[in-house]
Amino acid sequence: MSHYTTHYITRRHVCRLGASLLVSAAGLALTACSTTNQNTADTSSSNLQGNISLAGSTSMEKVCEALSEGFMNTYPNVHVSVEYTGSSAGIESLTNGLCDIANSSRELSQAEKTSGIVGNVVALDGIAVVVNKANSCTSVKKDQLKQIFTRSVTSWKNLGAQDAAIVVIGRENASGTRSAFEELVDVKNSCVYAQELDSTGAVLAKVASTPGAIGYISLDALSNSVNALVLDGVAPTAETVASQQYPLVRPFIMATKGAVSEQSALVQAWFSYIKSDEGIQTIKRAGVMPAKSDAAA
């Protein structure tokens, strides 16, 4: 039997015992039990119950799954469901009342903010620029990255590597990762992609299987199936993202319709968990860096 189940049963039995022993003062006993429940309704693992729905960024899958698992272990009567539909689609779902929280791996637009969407920054993530394992190129400058993605440079030979065509792989237009990457590299609406894919995993797989390929993914999704390029002399690591020395750092946002304080007890408990010591460690284990508690976007 889990710790949380045991806590729930013990609490219920205490209330029953109190009611049995104090039959002559039943009204007073019931009032006391009721007061206790009201004071702990938002935080007690035994009282909090219901469903929380999230939708949005595929890049946030790893950290969101880790937080969901930890939260449901703490609150066993709560179910967390997540759909990985892309940042813009998630924000649209939130706007239309189809989910409680929207995951976005890009900054909110002014129009989204004006409509009442609030960006709650939960973590910082680096965007790793990745190449096929056979590629001898190990580092580039940001200006060279701009030339690659706008097709001003079309061969790896021009970058001191092998004589092979550069195959530019990107995300679909609604992707938060694409939006953040293009903004940070200053190539908004000017990239020329050989392929546009609909998830972080798809980009990773395509770069891994395509000689000459280059793409961008969330740092927490990086695997040994590809090589991550050093950018402006800085490697993408948790440390360089935390210090923001790495040039491509973007927020991981869990957006709400209105401030967190205006949300349901369930949603408020979710954000309290994220800011707790356990939540912070969970975020770190997922490969991204926790944001400051007052961070907003």
# chains A, B, ... in the order shown; residues from 1 in each chain; ligands from 1
>>> residues_around(residues="range 178-182 of chain A", least_positions_apart="6", cutoff="10 Å", atoms="only C-alpha atoms", output="PyMOL selection string")
chain A and resi 87-88+105-107+126-129+146+149+170-172+188-191+196+216-217+248-251
>>> residues_around(residues="range 76-82 of chain A", least_positions_apart="3", cutoff="7 Å", atoms="only C-alpha atoms", output="MDAnalysis selection string")
chainID A and resid 45 48:55 68 72:73
>>> write_last_selection(atoms="all heavy atoms", output="mmCIF file, in the first residue's frame")
data_model
loop_
_atom_site.group_PDB
_atom_site.id
_atom_site.type_symbol
_atom_site.label_atom_id
_atom_site.label_comp_id
_atom_site.auth_asym_id
_atom_site.auth_seq_id
_atom_site.Cartn_x
_atom_site.Cartn_y
_atom_site.Cartn_z
ATOM 1 N N SER A 45 -3.228 15.644 -0.107
ATOM 2 C CA SER A 45 -3.239 14.617 -1.150
ATOM 3 C C SER A 45 -4.495 13.762 -1.073
ATOM 4 O O SER A 45 -4.907 13.157 -2.056
ATOM 5 C CB SER A 45 -1.996 13.734 -1.038
ATOM 6 O OG SER A 45 -1.971 13.056 0.207
ATOM 7 N N LEU A 48 -7.632 16.472 -2.579
ATOM 8 C CA LEU A 48 -7.568 17.004 -3.928
ATOM 9 C C LEU A 48 -7.873 15.908 -4.938
ATOM 10 O O LEU A 48 -7.238 14.849 -4.932
ATOM 11 C CB LEU A 48 -6.167 17.577 -4.187
ATOM 12 C CG LEU A 48 -6.046 18.574 -5.347
ATOM 13 C CD1 LEU A 48 -6.850 19.844 -5.037
ATOM 14 C CD2 LEU A 48 -4.597 18.933 -5.600
ATOM 15 N N GLN A 49 -8.851 16.142 -5.803
ATOM 16 C CA GLN A 49 -9.216 15.131 -6.788
ATOM 17 C C GLN A 49 -9.817 15.797 -8.016
ATOM 18 O O GLN A 49 -10.307 16.921 -7.951
ATOM 19 C CB GLN A 49 -10.201 14.122 -6.199
ATOM 20 C CG GLN A 49 -11.464 14.722 -5.612
ATOM 21 C CD GLN A 49 -12.313 13.669 -4.934
ATOM 22 O OE1 GLN A 49 -12.647 12.654 -5.546
ATOM 23 N NE2 GLN A 49 -12.666 13.890 -3.678
ATOM 24 N N GLY A 50 -9.718 15.109 -9.136
ATOM 25 C CA GLY A 50 -10.250 15.646 -10.376
ATOM 26 C C GLY A 50 -9.273 15.455 -11.525
ATOM 27 O O GLY A 50 -8.399 14.581 -11.482
ATOM 28 N N ASN A 51 -9.412 16.279 -12.546
ATOM 29 C CA ASN A 51 -8.593 16.152 -13.754
ATOM 30 C C ASN A 51 -7.966 17.488 -14.126
ATOM 31 O O ASN A 51 -8.610 18.537 -14.004
ATOM 32 C CB ASN A 51 -9.442 15.665 -14.928
ATOM 33 C CG ASN A 51 -10.080 14.314 -14.657
ATOM 34 O OD1 ASN A 51 -9.389 13.304 -14.579
ATOM 35 N ND2 ASN A 51 -11.401 14.293 -14.493
ATOM 36 N N ILE A 52 -6.725 17.438 -14.605
ATOM 37 C CA ILE A 52 -6.054 18.598 -15.175
ATOM 38 C C ILE A 52 -5.670 18.232 -16.607
ATOM 39 O O ILE A 52 -5.106 17.155 -16.843
ATOM 40 C CB ILE A 52 -4.779 18.976 -14.392
ATOM 41 C CG1 ILE A 52 -5.096 19.268 -12.925
ATOM 42 C CG2 ILE A 52 -4.103 20.197 -15.017
ATOM 43 C CD1 ILE A 52 -3.855 19.561 -12.089
ATOM 44 N N SER A 53 -5.978 19.115 -17.544
ATOM 45 C CA SER A 53 -5.626 18.847 -18.938
ATOM 46 C C SER A 53 -4.637 19.898 -19.439
ATOM 47 O O SER A 53 -4.805 21.092 -19.196
ATOM 48 C CB SER A 53 -6.878 18.837 -19.815
ATOM 49 O OG SER A 53 -7.544 20.086 -19.764
ATOM 50 N N LEU A 54 -3.596 19.410 -20.119
ATOM 51 C CA LEU A 54 -2.598 20.276 -20.730
ATOM 52 C C LEU A 54 -2.504 19.938 -22.212
ATOM 53 O O LEU A 54 -2.741 18.792 -22.612
ATOM 54 C CB LEU A 54 -1.219 20.102 -20.080
ATOM 55 C CG LEU A 54 -1.065 20.441 -18.593
ATOM 56 C CD1 LEU A 54 -1.354 19.219 -17.733
ATOM 57 C CD2 LEU A 54 0.337 20.960 -18.292
ATOM 58 N N ALA A 55 -2.119 20.919 -23.023
ATOM 59 C CA ALA A 55 -1.926 20.685 -24.449
ATOM 60 C C ALA A 55 -0.858 21.641 -24.957
ATOM 61 O O ALA A 55 -0.706 22.755 -24.437
ATOM 62 C CB ALA A 55 -3.230 20.892 -25.216
ATOM 63 N N SER A 68 4.102 15.425 -14.502
ATOM 64 C CA SER A 68 2.793 14.766 -14.364
ATOM 65 C C SER A 68 2.888 13.548 -13.458
ATOM 66 O O SER A 68 2.043 13.336 -12.579
ATOM 67 C CB SER A 68 2.262 14.352 -15.743
ATOM 68 O OG SER A 68 2.040 15.464 -16.563
ATOM 69 N N MET A 72 1.019 13.288 -9.828
ATOM 70 C CA MET A 72 0.010 12.251 -9.560
ATOM 71 C C MET A 72 0.439 11.320 -8.439
ATOM 72 O O MET A 72 -0.409 10.738 -7.752
ATOM 73 C CB MET A 72 -0.308 11.478 -10.839
ATOM 74 C CG MET A 72 -1.128 12.280 -11.841
ATOM 75 S SD MET A 72 -1.737 11.316 -13.272
ATOM 76 C CE MET A 72 -0.210 11.094 -14.195
ATOM 77 N N ASN A 73 1.734 11.165 -8.234
ATOM 78 C CA ASN A 73 2.193 10.398 -7.072
ATOM 79 C C ASN A 73 1.876 11.146 -5.780
ATOM 80 O O ASN A 73 1.530 10.544 -4.762
ATOM 81 C CB ASN A 73 3.699 10.148 -7.161
ATOM 82 C CG ASN A 73 4.052 9.061 -8.152
ATOM 83 O OD1 ASN A 73 3.214 8.217 -8.482
ATOM 84 N ND2 ASN A 73 5.274 9.064 -8.640
#
>>> residues_around(residues="range 254-264 of chain A", least_positions_apart="5", cutoff="9 Å", atoms="only C-alpha atoms", output="list in words")
Leu54, Ile91, Leu94, Thr95, Gly97, Asp100, Ile101, Ala102, Asn103, Ser104, Ser105, Leu108, Ser115, Gly116, Ile117, Val118, Gly119, Asn120, Val121, Val122, Ala269 and Phe271 of chain A
>>> closest_residue(among="A:Gln144, A:Gln245, A:Glu183, A:Thr138", to="Gln162 in chain A", atoms="only C-alpha atoms")
A:Thr138
